[in-house]
file query29.txt (compact mmCIF, C-alpha atoms (C1' of nucleotides))
# COMPACT_ATOMS: atom_id res chain seq x y z
CA MET A 1 -5.63 11.30 -14.24
CA SER A 2 -7.65 8.80 -12.24
CA LEU A 3 -8.03 11.09 -9.26
CA GLN A 4 -9.86 13.69 -11.33
CA HIS A 5 -12.23 11.01 -12.57
CA ALA A 6 -12.75 9.73 -9.04
CA ILE A 7 -13.67 13.25 -7.96
CA LEU A 8 -16.04 13.72 -10.90
CA THR A 9 -17.77 10.45 -9.99
CA ALA A 10 -18.08 11.43 -6.36
CA LEU A 11 -19.44 14.87 -7.22
CA LEU A 12 -22.01 13.42 -9.60
CA GLU A 13 -23.18 11.08 -6.88
CA LYS A 14 -23.54 14.13 -4.65
CA PRO A 15 -22.29 17.73 -4.88
CA SER A 16 -19.82 18.25 -2.07
CA SER A 17 -17.20 20.47 -0.50
CA GLY A 18 -13.52 19.55 -0.36
CA LEU A 19 -13.81 18.24 3.16
CA ASP A 20 -16.91 16.19 2.32
CA LEU A 21 -14.92 14.60 -0.49
CA THR A 22 -11.99 13.94 1.83
CA ARG A 23 -14.31 12.05 4.16
CA ARG A 24 -15.79 10.05 1.30
CA PHE A 25 -12.26 9.19 0.19
CA ASP A 26 -11.71 7.62 3.59
CA ARG A 27 -14.41 5.06 2.77
CA SER A 28 -16.59 4.39 -0.27
CA ILE A 29 -14.74 5.84 -3.29
CA GLY A 30 -11.53 5.70 -1.28
CA TYR A 31 -11.58 1.89 -1.07
CA PHE A 32 -10.14 1.84 -4.58
CA TRP A 33 -8.51 5.24 -4.85
CA THR A 34 -7.12 7.13 -1.90
CA ALA A 35 -6.33 10.82 -1.63
CA THR A 36 -5.42 13.33 1.03
CA HIS A 37 -7.33 16.58 1.48
CA GLN A 38 -4.43 18.57 0.04
CA GLN A 39 -4.52 16.60 -3.16
CA ILE A 40 -8.28 16.89 -3.38
CA TYR A 41 -8.26 20.69 -3.02
CA HIS A 42 -5.55 20.84 -5.64
CA GLU A 43 -7.50 18.76 -8.15
CA LEU A 44 -10.73 20.62 -7.42
CA ALA A 45 -8.96 23.84 -8.39
CA ARG A 46 -7.66 22.25 -11.59
CA LEU A 47 -11.05 20.79 -12.49
CA GLU A 48 -12.63 24.19 -11.97
CA ASP A 49 -9.97 25.84 -14.15
CA SER A 50 -10.66 23.42 -16.98
CA GLY A 51 -14.39 24.08 -16.73
CA LEU A 52 -15.37 20.53 -15.73
CA ILE A 53 -16.88 21.53 -12.38
CA ARG A 54 -17.96 24.79 -10.73
CA ALA A 55 -18.31 26.11 -7.21
CA ILE A 56 -21.98 26.55 -6.39
CA PRO A 57 -22.41 30.30 -5.74
CA ALA A 58 -22.76 31.02 -2.03
CA GLU A 59 -23.85 34.08 -0.07
CA ARG A 60 -20.60 34.46 1.81
CA PRO A 61 -17.63 33.63 -0.38
CA ALA A 62 -14.72 34.05 2.03
CA GLN A 63 -11.69 32.04 3.03
CA GLY A 64 -12.27 29.32 5.60
CA GLN A 65 -15.82 29.08 4.29
CA ARG A 66 -17.36 25.90 3.01
CA LYS A 67 -17.33 25.78 -0.81
CA GLU A 68 -19.52 23.26 -2.58
CA TYR A 69 -18.81 21.99 -6.09
CA GLU A 70 -21.00 20.46 -8.79
CA VAL A 71 -20.18 18.80 -12.12
CA LEU A 72 -20.76 20.77 -15.34
CA PRO A 73 -21.87 19.15 -18.62
CA ALA A 74 -18.28 19.11 -19.87
CA GLY A 75 -17.30 17.16 -16.76
CA ARG A 76 -19.98 14.57 -17.27
CA ALA A 77 -18.93 14.23 -20.92
CA GLU A 78 -15.30 13.69 -19.92
CA LEU A 79 -16.29 11.02 -17.39
CA THR A 80 -18.51 9.24 -19.93
CA ALA A 81 -15.64 9.18 -22.43
CA TRP A 82 -13.23 7.87 -19.79
CA VAL A 83 -15.51 4.94 -18.91
CA ALA A 84 -15.05 3.37 -22.35
CA ARG A 85 -11.46 4.55 -22.91
CA SER A 86 -8.72 2.00 -23.42
CA GLU A 87 -6.19 2.09 -20.58
CA ASP A 88 -3.70 -0.60 -19.61
CA PRO A 89 -3.93 -2.00 -16.08
CA ARG A 90 -1.25 -0.45 -13.89
CA ARG A 91 1.38 -2.99 -13.09
CA SER A 92 0.89 -3.83 -9.48
CA ARG A 93 3.02 -2.75 -6.55
CA GLU A 94 2.89 -5.06 -3.58
CA PRO A 95 5.52 -4.21 -0.96
CA LEU A 96 4.58 -7.26 1.10
CA LEU A 97 5.35 -9.66 -1.74
CA LEU A 98 8.56 -7.79 -2.35
CA ARG A 99 9.46 -8.28 1.30
CA LEU A 100 8.90 -12.02 1.18
CA ARG A 101 11.16 -12.14 -1.79
CA ALA A 102 13.80 -10.17 0.11
CA ALA A 103 13.34 -12.59 3.02
CA ALA A 104 14.07 -15.47 0.67
CA VAL A 105 17.45 -13.84 0.02
CA VAL A 106 18.55 -12.49 3.42
CA GLY A 107 16.64 -15.01 5.54
CA THR A 108 13.90 -14.35 8.08
CA GLY A 109 16.22 -14.12 11.08
CA SER A 110 14.21 -16.64 13.17
CA GLY A 111 11.12 -15.27 11.44
CA GLY A 112 9.65 -13.51 14.47
CA GLY A 113 9.52 -9.96 13.14
CA LEU A 114 8.21 -10.93 9.74
CA ALA A 115 5.60 -13.27 11.18
CA ALA A 116 4.34 -10.54 13.50
CA GLU A 117 4.08 -8.20 10.55
CA LEU A 118 2.13 -10.75 8.49
CA GLU A 119 -0.23 -11.28 11.40
CA ARG A 120 -0.80 -7.56 11.67
CA HIS A 121 -1.66 -7.40 7.97
CA LEU A 122 -3.94 -10.41 8.33
CA GLU A 123 -5.87 -8.63 11.05
CA LEU A 124 -6.18 -5.45 8.96
CA HIS A 125 -7.55 -7.44 6.02
CA ARG A 126 -10.02 -9.25 8.28
CA ARG A 127 -11.34 -5.92 9.48
CA GLN A 128 -11.65 -4.55 5.96
CA LEU A 129 -13.52 -7.68 4.91
CA ALA A 130 -15.93 -7.31 7.82
CA GLU A 131 -16.57 -3.70 6.78
CA TYR A 132 -17.28 -4.70 3.18
CA GLU A 133 -19.61 -7.49 4.27
CA GLU A 134 -21.49 -5.07 6.47
CA ILE A 135 -21.97 -2.76 3.48
CA GLU A 136 -23.10 -5.64 1.29
CA LYS A 137 -25.70 -6.74 3.82
CA ARG A 138 -26.96 -3.17 4.14
CA ASP A 139 -26.88 -1.98 0.52
CA PHE A 140 -27.36 -5.09 -1.59
CA PRO A 141 -29.89 -7.35 0.08
CA GLU A 142 -31.44 -8.56 -3.20
CA PRO A 143 -29.78 -11.20 -5.37
CA ARG A 144 -27.30 -9.63 -7.74
CA ASP A 145 -28.97 -10.39 -11.07
CA ALA A 146 -32.32 -8.97 -10.04
CA ALA A 147 -31.12 -5.38 -9.66
CA ALA A 148 -30.95 -2.65 -12.31
CA GLU A 149 -27.64 -1.87 -14.03
CA PRO A 150 -26.33 0.89 -11.76
CA ASP A 151 -26.82 -1.28 -8.67
CA ARG A 152 -25.41 -4.34 -10.41
CA LEU A 153 -22.26 -2.38 -11.24
CA ARG A 154 -21.87 -1.01 -7.73
CA HIS A 155 -22.34 -4.48 -6.32
CA LEU A 156 -19.70 -5.86 -8.69
CA VAL A 157 -17.21 -3.30 -7.41
CA LEU A 158 -17.94 -4.23 -3.82
CA ARG A 159 -17.62 -7.94 -4.64
CA ALA A 160 -14.16 -7.25 -6.08
CA GLY A 161 -13.22 -5.67 -2.75
CA ILE A 162 -14.60 -8.64 -0.79
CA GLU A 163 -12.85 -11.19 -2.95
CA LEU A 164 -9.54 -9.34 -2.85
CA GLU A 165 -9.67 -9.29 0.95
CA ASN A 166 -10.53 -12.98 0.96
CA PHE A 167 -7.54 -13.64 -1.23
CA TRP A 168 -5.19 -11.81 1.13
CA ILE A 169 -6.61 -13.52 4.20
CA THR A 170 -6.22 -16.98 2.69
CA TRP A 171 -2.77 -16.21 1.37
CA LEU A 172 -1.44 -14.60 4.58
CA ASP A 173 -2.75 -17.52 6.58
CA ARG A 174 -0.87 -19.94 4.36
CA ALA A 175 2.27 -17.77 4.45
CA LEU A 176 2.21 -17.79 8.26
CA THR A 177 1.87 -21.57 8.34
CA SER A 178 4.79 -21.90 5.97
CA LEU A 179 6.90 -19.45 7.94
CA ARG A 180 6.39 -21.36 11.19
CA GLN A 181 7.22 -24.69 9.63
CA MET B 1 11.59 3.43 -0.30
CA SER B 2 10.43 0.10 -1.71
CA LEU B 3 12.28 0.56 -4.99
CA GLN B 4 15.63 0.73 -3.22
CA HIS B 5 14.81 -2.49 -1.37
CA ALA B 6 13.72 -4.13 -4.60
CA ILE B 7 17.04 -3.19 -6.16
CA LEU B 8 19.00 -4.47 -3.15
CA THR B 9 17.15 -7.79 -3.38
CA ALA B 10 17.81 -8.07 -7.11
CA LEU B 11 21.50 -7.24 -6.69
CA LEU B 12 21.91 -9.79 -3.91
CA GLU B 13 20.37 -12.42 -6.13
CA LYS B 14 22.89 -11.45 -8.78
CA PRO B 15 25.22 -8.43 -9.23
CA SER B 16 24.03 -6.52 -12.29
CA SER B 17 24.30 -3.39 -14.38
CA GLY B 18 21.51 -0.83 -14.66
CA LEU B 19 20.26 -2.29 -17.91
CA ASP B 20 20.34 -5.84 -16.52
CA LEU B 21 18.19 -4.63 -13.65
CA THR B 22 15.83 -2.89 -16.05
CA ARG B 23 15.33 -6.18 -17.86
CA ARG B 24 14.73 -8.05 -14.62
CA PHE B 25 12.18 -5.42 -13.65
CA ASP B 26 10.26 -6.31 -16.80
CA ARG B 27 9.70 -9.80 -15.37
CA SER B 28 10.62 -11.52 -12.10
CA ILE B 29 11.07 -8.75 -9.51
CA GLY B 30 9.00 -6.47 -11.72
CA TYR B 31 5.86 -8.58 -11.29
CA PHE B 32 5.34 -6.87 -7.94
CA TRP B 33 7.29 -3.65 -8.35
CA THR B 34 7.84 -1.92 -11.67
CA ALA B 35 10.44 0.67 -12.55
CA THR B 36 11.79 2.38 -15.65
CA HIS B 37 15.49 2.47 -16.47
CA GLN B 38 15.69 6.18 -15.58
CA GLN B 39 14.39 5.51 -12.11
CA ILE B 40 16.72 2.55 -11.66
CA TYR B 41 19.83 4.56 -12.61
CA HIS B 42 18.71 7.30 -10.25
CA GLU B 43 18.26 4.92 -7.30
CA LEU B 44 21.53 3.11 -8.08
CA ALA B 45 23.32 6.45 -7.75
CA ARG B 46 21.56 7.17 -4.45
CA LEU B 47 22.30 3.69 -3.09
CA GLU B 48 25.95 4.12 -4.02
CA ASP B 49 26.05 7.55 -2.34
CA SER B 50 24.69 6.09 0.89
CA GLY B 51 27.26 3.30 0.83
CA LEU B 52 24.75 0.44 0.48
CA ILE B 53 26.11 -0.77 -2.85
CA ARG B 54 29.25 -0.18 -4.91
CA ALA B 55 30.22 -0.31 -8.55
CA ILE B 56 32.52 -3.25 -9.16
CA PRO B 57 35.80 -1.69 -10.35
CA ALA B 58 36.25 -2.16 -14.09
CA GLU B 59 39.21 -1.76 -16.39
CA ARG B 60 37.60 0.88 -18.55
CA PRO B 61 35.48 3.25 -16.50
CA ALA B 62 33.99 5.53 -19.16
CA GLN B 63 30.58 6.84 -20.03
CA GLY B 64 28.39 4.57 -22.13
CA GLN B 65 30.25 1.66 -20.54
CA ARG B 66 28.58 -1.14 -18.67
CA LYS B 67 28.80 -0.61 -14.91
CA GLU B 68 28.10 -3.53 -12.59
CA TYR B 69 26.97 -3.11 -8.97
CA GLU B 70 27.13 -5.33 -5.91
CA VAL B 71 25.61 -5.01 -2.44
CA LEU B 72 27.84 -3.96 0.47
CA PRO B 73 27.40 -5.27 4.05
CA ALA B 74 25.51 -2.09 5.01
CA GLY B 75 23.08 -2.78 2.17
CA ARG B 76 22.43 -6.33 3.31
CA ALA B 77 21.90 -5.08 6.87
CA GLU B 78 19.38 -2.49 5.67
CA LEU B 79 17.46 -5.11 3.70
CA THR B 80 17.43 -7.51 6.65
CA ALA B 81 16.04 -4.77 8.88
CA TRP B 82 13.39 -3.87 6.30
CA VAL B 83 12.12 -7.45 6.08
CA ALA B 84 10.87 -7.37 9.67
CA ARG B 85 9.93 -3.68 9.75
CA SER B 86 6.33 -2.66 10.42
CA GLU B 87 4.77 -0.96 7.42
CA ASP B 88 1.09 -0.46 6.67
CA PRO B 89 -0.25 -1.94 3.44
CA ARG B 90 -0.63 0.75 0.80
CA ARG B 91 -4.26 1.47 0.20
CA SER B 92 -5.04 0.03 -3.15
CA ARG B 93 -5.56 1.89 -6.41
CA GLU B 94 -7.66 0.08 -8.97
CA PRO B 95 -8.60 2.30 -11.91
CA LEU B 96 -10.79 -0.43 -13.37
CA LEU B 97 -12.99 -0.63 -10.28
CA LEU B 98 -13.15 3.14 -10.25
CA ARG B 99 -14.34 3.05 -13.84
CA LEU B 100 -17.13 0.60 -13.10
CA ARG B 101 -18.24 2.90 -10.36
CA ALA B 102 -18.20 5.84 -12.77
CA ALA B 103 -20.19 3.70 -15.21
CA ALA B 104 -22.80 3.16 -12.51
CA VAL B 105 -23.25 6.95 -12.43
CA VAL B 106 -23.02 8.04 -16.07
CA GLY B 107 -24.24 4.77 -17.61
CA THR B 108 -22.43 2.43 -19.95
CA GLY B 109 -23.75 3.99 -23.17
CA SER B 110 -24.94 0.66 -24.63
CA GLY B 111 -21.95 -0.91 -22.88
CA GLY B 112 -19.92 -1.64 -26.01
CA GLY B 113 -16.80 0.36 -25.24
CA LEU B 114 -16.60 -0.71 -21.63
CA ALA B 115 -17.23 -4.37 -22.45
CA ALA B 116 -14.46 -4.33 -25.07
CA GLU B 117 -12.12 -2.83 -22.49
CA LEU B 118 -13.00 -5.48 -19.89
CA GLU B 119 -12.41 -8.19 -22.47
CA ARG B 120 -9.02 -6.72 -23.27
CA HIS B 121 -8.08 -6.77 -19.59
CA LEU B 122 -9.37 -10.33 -19.27
CA GLU B 123 -7.06 -11.40 -22.07
CA LEU B 124 -4.08 -9.63 -20.47
CA HIS B 125 -4.71 -11.38 -17.17
CA ARG B 126 -5.06 -14.75 -18.88
CA ARG B 127 -1.67 -14.26 -20.47
CA GLN B 128 -0.05 -13.22 -17.21
CA LEU B 129 -1.54 -16.28 -15.52
CA ALA B 130 -0.16 -18.56 -18.23
CA GLU B 131 3.27 -16.98 -17.72
CA TYR B 132 3.16 -17.54 -13.95
CA GLU B 133 2.02 -21.14 -14.39
CA GLU B 134 4.88 -21.75 -16.78
CA ILE B 135 7.31 -20.44 -14.17
CA GLU B 136 5.73 -22.57 -11.47
CA LYS B 137 6.03 -25.72 -13.54
CA ARG B 138 9.67 -24.92 -14.33
CA ASP B 139 10.93 -23.64 -10.95
CA PHE B 140 8.78 -25.37 -8.34
CA PRO B 141 8.15 -28.93 -9.42
CA GLU B 142 8.27 -30.35 -5.88
CA PRO B 143 5.34 -30.03 -3.45
CA ARG B 144 5.50 -26.76 -1.59
CA ASP B 145 6.07 -28.04 1.94
CA ALA B 146 9.01 -30.22 0.99
CA ALA B 147 11.30 -27.37 -0.07
CA ALA B 148 13.69 -25.36 2.11
CA GLU B 149 12.67 -21.92 3.39
CA PRO B 150 14.05 -19.74 0.61
CA ASP B 151 12.25 -21.76 -2.04
CA ARG B 152 9.08 -21.97 0.03
CA LEU B 153 9.05 -18.16 0.27
CA ARG B 154 9.67 -17.66 -3.44
CA HIS B 155 6.92 -20.12 -4.23
CA LEU B 156 4.55 -18.30 -1.90
CA VAL B 157 5.17 -15.06 -3.77
CA LEU B 158 4.49 -16.74 -7.09
CA ARG B 159 1.31 -18.32 -5.72
CA ALA B 160 0.11 -14.85 -4.72
CA GLY B 161 0.60 -13.76 -8.32
CA ILE B 162 -1.27 -16.78 -9.65
CA GLU B 163 -4.16 -16.35 -7.28
CA LEU B 164 -4.45 -12.63 -7.95
CA GLU B 165 -4.65 -13.31 -11.68
CA ASN B 166 -7.25 -16.00 -11.04
CA PHE B 167 -9.26 -13.52 -9.03
CA TRP B 168 -9.23 -10.97 -11.85
CA ILE B 169 -10.14 -13.55 -14.48
CA THR B 170 -13.11 -14.82 -12.48
CA TRP B 171 -14.25 -11.33 -11.61
CA LEU B 172 -13.91 -9.88 -15.13
CA ASP B 173 -15.81 -12.84 -16.51
CA ARG B 174 -18.65 -12.22 -14.12
CA ALA B 175 -18.58 -8.48 -14.83
CA LEU B 176 -18.88 -9.13 -18.57
CA THR B 177 -21.86 -11.45 -18.02
CA SER B 178 -23.52 -8.82 -15.88
CA LEU B 179 -22.82 -6.08 -18.41
CA ARG B 180 -24.40 -8.04 -21.26
CA GLN B 181 -27.50 -8.90 -19.27
C1' DG C 1 32.30 4.37 -42.03
C1' DG C 2 27.23 3.75 -41.34
C1' DA C 3 23.23 1.38 -39.12
C1' DG C 4 21.42 -0.50 -35.23
C1' DA C 5 21.59 -2.28 -30.76
C1' DC C 6 23.62 -1.53 -26.21
C1' DA C 7 24.23 1.36 -22.24
C1' DT C 8 24.03 5.31 -19.22
C1' DG C 9 22.32 9.35 -18.17
C1' DT C 10 19.78 14.52 -17.81
C1' DA C 11 15.64 17.43 -17.63
C1' DA C 12 11.06 18.59 -17.13
C1' DA C 13 6.48 17.55 -15.90
C1' DC C 14 3.33 15.28 -13.14
C1' DT C 15 1.57 12.82 -9.00
C1' DG C 16 1.48 12.11 -4.26
C1' DT C 17 2.86 12.89 0.76
C1' DT C 18 4.08 15.48 4.88
C1' DA C 19 4.30 19.58 7.43
C1' DC C 20 2.55 23.78 8.30
C1' DA C 21 -0.68 28.13 8.17
C1' DT C 22 -4.92 30.42 8.76
C1' DG C 23 -9.64 31.79 9.25
C1' DA C 24 -14.65 30.51 10.83
C1' DT C 25 -17.89 28.27 13.77
C1' DT C 26 -19.55 26.06 17.84
C1' DA C 27 -19.80 24.32 22.63
C1' DG C 28 -18.81 25.31 27.24
C1' DC D 1 -13.43 34.24 25.86
C1' DT D 2 -11.27 29.96 24.96
C1' DA D 3 -10.67 25.50 23.17
C1' DA D 4 -11.94 22.34 19.84
C1' DT D 5 -13.47 21.42 15.47
C1' DC D 6 -14.51 22.64 10.79
C1' DA D 7 -12.69 24.12 6.50
C1' DT D 8 -9.52 25.63 3.00
C1' DG D 9 -5.28 26.24 1.58
C1' DT D 10 0.43 26.79 0.74
C1' DA D 11 5.06 24.92 0.54
C1' DA D 12 8.51 21.66 0.31
C1' DC D 13 9.74 17.38 -0.84
C1' DA D 14 9.65 12.51 -2.61
C1' DG D 15 8.40 9.37 -6.14
C1' DT D 16 7.26 8.45 -10.94
C1' DT D 17 6.83 9.12 -15.91
C1' DT D 18 8.00 10.97 -20.41
C1' DA D 19 11.02 12.97 -23.58
C1' DC D 20 15.39 13.67 -24.91
C1' DA D 21 20.80 13.38 -25.17
C1' DT D 22 24.97 11.00 -25.68
C1' DG D 23 28.54 7.72 -26.11
C1' DT D 24 30.01 2.64 -27.27
C1' DC D 25 30.14 -1.62 -29.60
C1' DT D 26 29.23 -4.91 -33.33
C1' DC D 27 28.16 -6.25 -37.75
C1' DC D 28 28.10 -5.33 -42.55
call {"tool": "encode", "arguments": {"input": "query29.txt", "output": "structure tokens"}}
result
Amino acid sequence: MSLQHAILTALLEKPSSGLDLTRRFDRSIGYFWTATHQQIYHELARLEDSGLIRAIPAERPAQGQRKEYEVLPAGRAELTAWVARSEDPRRSREPLLLRLRAAAVVGTGSGGGLAAELERHLELHRRQLAEYEEIEKRDFPEPRDAAAEPDRLRHLVLRAGIELENFWITWLDRALTSLRQ
Amino acid sequence: MSLQHAILTALLEKPSSGLDLTRRFDRSIGYFWTATHQQIYHELARLEDSGLIRAIPAERPAQGQRKEYEVLPAGRAELTAWVARSEDPRRSREPLLLRLRAAAVVGTGSGGGLAAELERHLELHRRQLAEYEEIEKRDFPEPRDAAAEPDRLRHLVLRAGIELENFWITWLDRALTSLRQ
DNA sequence: GGAGACATGTAAACTGTTACATGATTAG
DNA sequence: CTAATCATGTAACAGTTTACATGTCTCC
């Protein structure tokens, strides 16, 4: 159900069309929950059916026309309830760790291919970190404790992203050293 | 496809029945890739169909009877190829971070429910960390660099688990402080 | 022979991805 | 008018979860 809640959050931040949402899921919201445009259109239809959002009436309601949605009171209520709901953390799925474990069994075959792959991932994580740090500099210039709650929460989420990327960078670096040993 | 590769790895480590695998997916392998028994039986059947594994012939081949599988050469070859294959990291899905972001929009409603939930997650991560540290003490007593490659790789994977749990513990602690402010 | 654990499996629903279809608008 | 882009959608499939079905073995 998380995707519906992600969409509700995004729409509360700003009423949007399906394509707008798709773009925001390529950054921002999407850093912690991805979705394709097909999935988003699908969930928008379901959310509208259940009365949690509605399409803002337009002059020209035709196919191929931009359709903007906004959250209804029932949608806000559902999101508020979800925030405090008890939900176990999903058990993680990390294909890269799985692969190292497979490498421990079948060997790295001189290690070249695996090392190249780890380096590629390292570079991707470095880029993501740079992007997050750019956002932090731009959006959260004040010290964290000084801000009001909404900004404190948003900053916390961004910090989680930054620290996760830092973890991967440190870990991949060490893995590469160990692989070359 | 990762589940099939996880199963191949597990079976190379030790030929097993479906239920054995299910148990190992509740710990060990399962720390980085989870699966239910239904899914495991399904993938075992597919792997057998594609000739990557085979059921070890038994005396009494009946339903409700234990059926043990082992990896065939084609299966080992597939796993070896996968280890060095290029594959983008999956974009992450973190419902908890999504929830904090939703909280930034709809408010925390005095914060009680959300704080309790964060505390619950904190406790779960502390337990997982303790479990990992127990395993480290038991399986990797020597310094990391001294060991041979297979053990170095396995230790690296475990260290990733430990450091990820440490990240969550630190972050959740900070989030709780911020929420109570 | 009955209870409970062991073991394998089927079916349906849900979630997510990939490929494709189609109309509207805008720039040249 | 044409090409490119914007925008919404359908269809098929793959992956995952949940609920249920069924047979076997062991202990009492």
call {"tool": "closest_atom_pairs", "arguments": {"input": "query29.txt", "of": "chain D", "to": "chain B", "cutoff": "8 Å", "atoms": "all atoms listed in the file", "output": "CSV"}}
result
residue,atom,partner,partner_atom,distance
D:DT16,C1',B:Gln39,CA,7.8
D:DG23,C1',B:Gly64,CA,5.1
D:DT24,C1',B:Gly64,CA,5.7
call {"tool": "interface_residues", "arguments": {"input": "query29.txt", "of": "chain B", "to": "chain A", "cutoff": "7 Å", "atoms": "only C-alpha atoms", "output": "JSON, numbers by chain"}}
result
{"B": [2, 6, 9, 13, 32, 33, 34, 80, 83, 84, 86, 91, 92, 93, 94, 95, 97, 98, 99, 100, 101, 102, 103, 104, 105, 106, 113, 114, 117, 150, 153, 154, 156, 157, 160, 171, 175]}
call {"tool": "closest_residue", "arguments": {"input": "query29.txt", "among": "D:DT5, D:DT10, D:DT22, D:DT17", "to": "DA24 (chain C)", "atoms": "all atoms listed in the file"}}
result
D:DT5
call {"tool": "atom_distance", "arguments": {"input": "query29.txt", "atom1": "CA of Arg126 (chain A)", "atom2": "CA of Ile162 (chain B)"}}
result
21.3 Å
call {"tool": "atom_distance", "arguments": {"input": "query29.txt", "atom1": "CA of Gln4 (chain A)", "atom2": "CA of Tyr69 (chain A)"}}
result
13.3 Å
call {"tool": "residues_near_point", "arguments": {"input": "query29.txt", "point": "(8.3, 26.4, -0.8)", "cutoff": "12 Å", "atoms": "all atoms listed in the file", "output": "ChimeraX atom specification"}}
result
/C:19-20 /D:10-13
call {"tool": "atom_distance", "arguments": {"input": "query29.txt", "atom1": "CA of Lys14 (chain B)", "atom2": "CA of Val71 (chain B)"}}
result
9.4 Å
call {"tool": "closest_residue", "arguments": {"input": "query29.txt", "among": "B:Asp26, B:Ile135, B:Ala45, B:Leu129", "to": "chain C", "atoms": "only C-alpha atoms (C1' of nucleotides)"}}
result
B:Ala45
call {"tool": "interface_residues", "arguments": {"input": "query29.txt", "of": "chain C", "to": "chain A", "cutoff": "10 Å", "atoms": "all atoms listed in the file", "output": "PyMOL selection string"}}
result
chain C and resi 14-17+22-25
call {"tool": "write_last_selection", "arguments": {"input": "query29.txt", "atoms": "C-alpha atoms (C1' of nucleotides)", "output": "tab-separated table (two decimals), in the frame of the given file"}}
result
chain	number	residue	atom	x	y	z
C	14	DC	C1'	3.33	15.28	-13.14
C	15	DT	C1'	1.57	12.82	-9.00
C	16	DG	C1'	1.48	12.11	-4.26
C	17	DT	C1'	2.86	12.89	0.76
C	22	DT	C1'	-4.92	30.42	8.76
C	23	DG	C1'	-9.64	31.79	9.25
C	24	DA	C1'	-14.65	30.51	10.83
C	25	DT	C1'	-17.89	28.27	13.77
call {"tool": "residues_around", "arguments": {"input": "query29.txt", "residues": "region 18-20 of chain D", "least_positions_apart": "5", "cutoff": "10 Å", "atoms": "all atoms listed in the file", "output": "list in words"}}
result
DT10, DA11, DA12, DA13 and DC14 of chain C
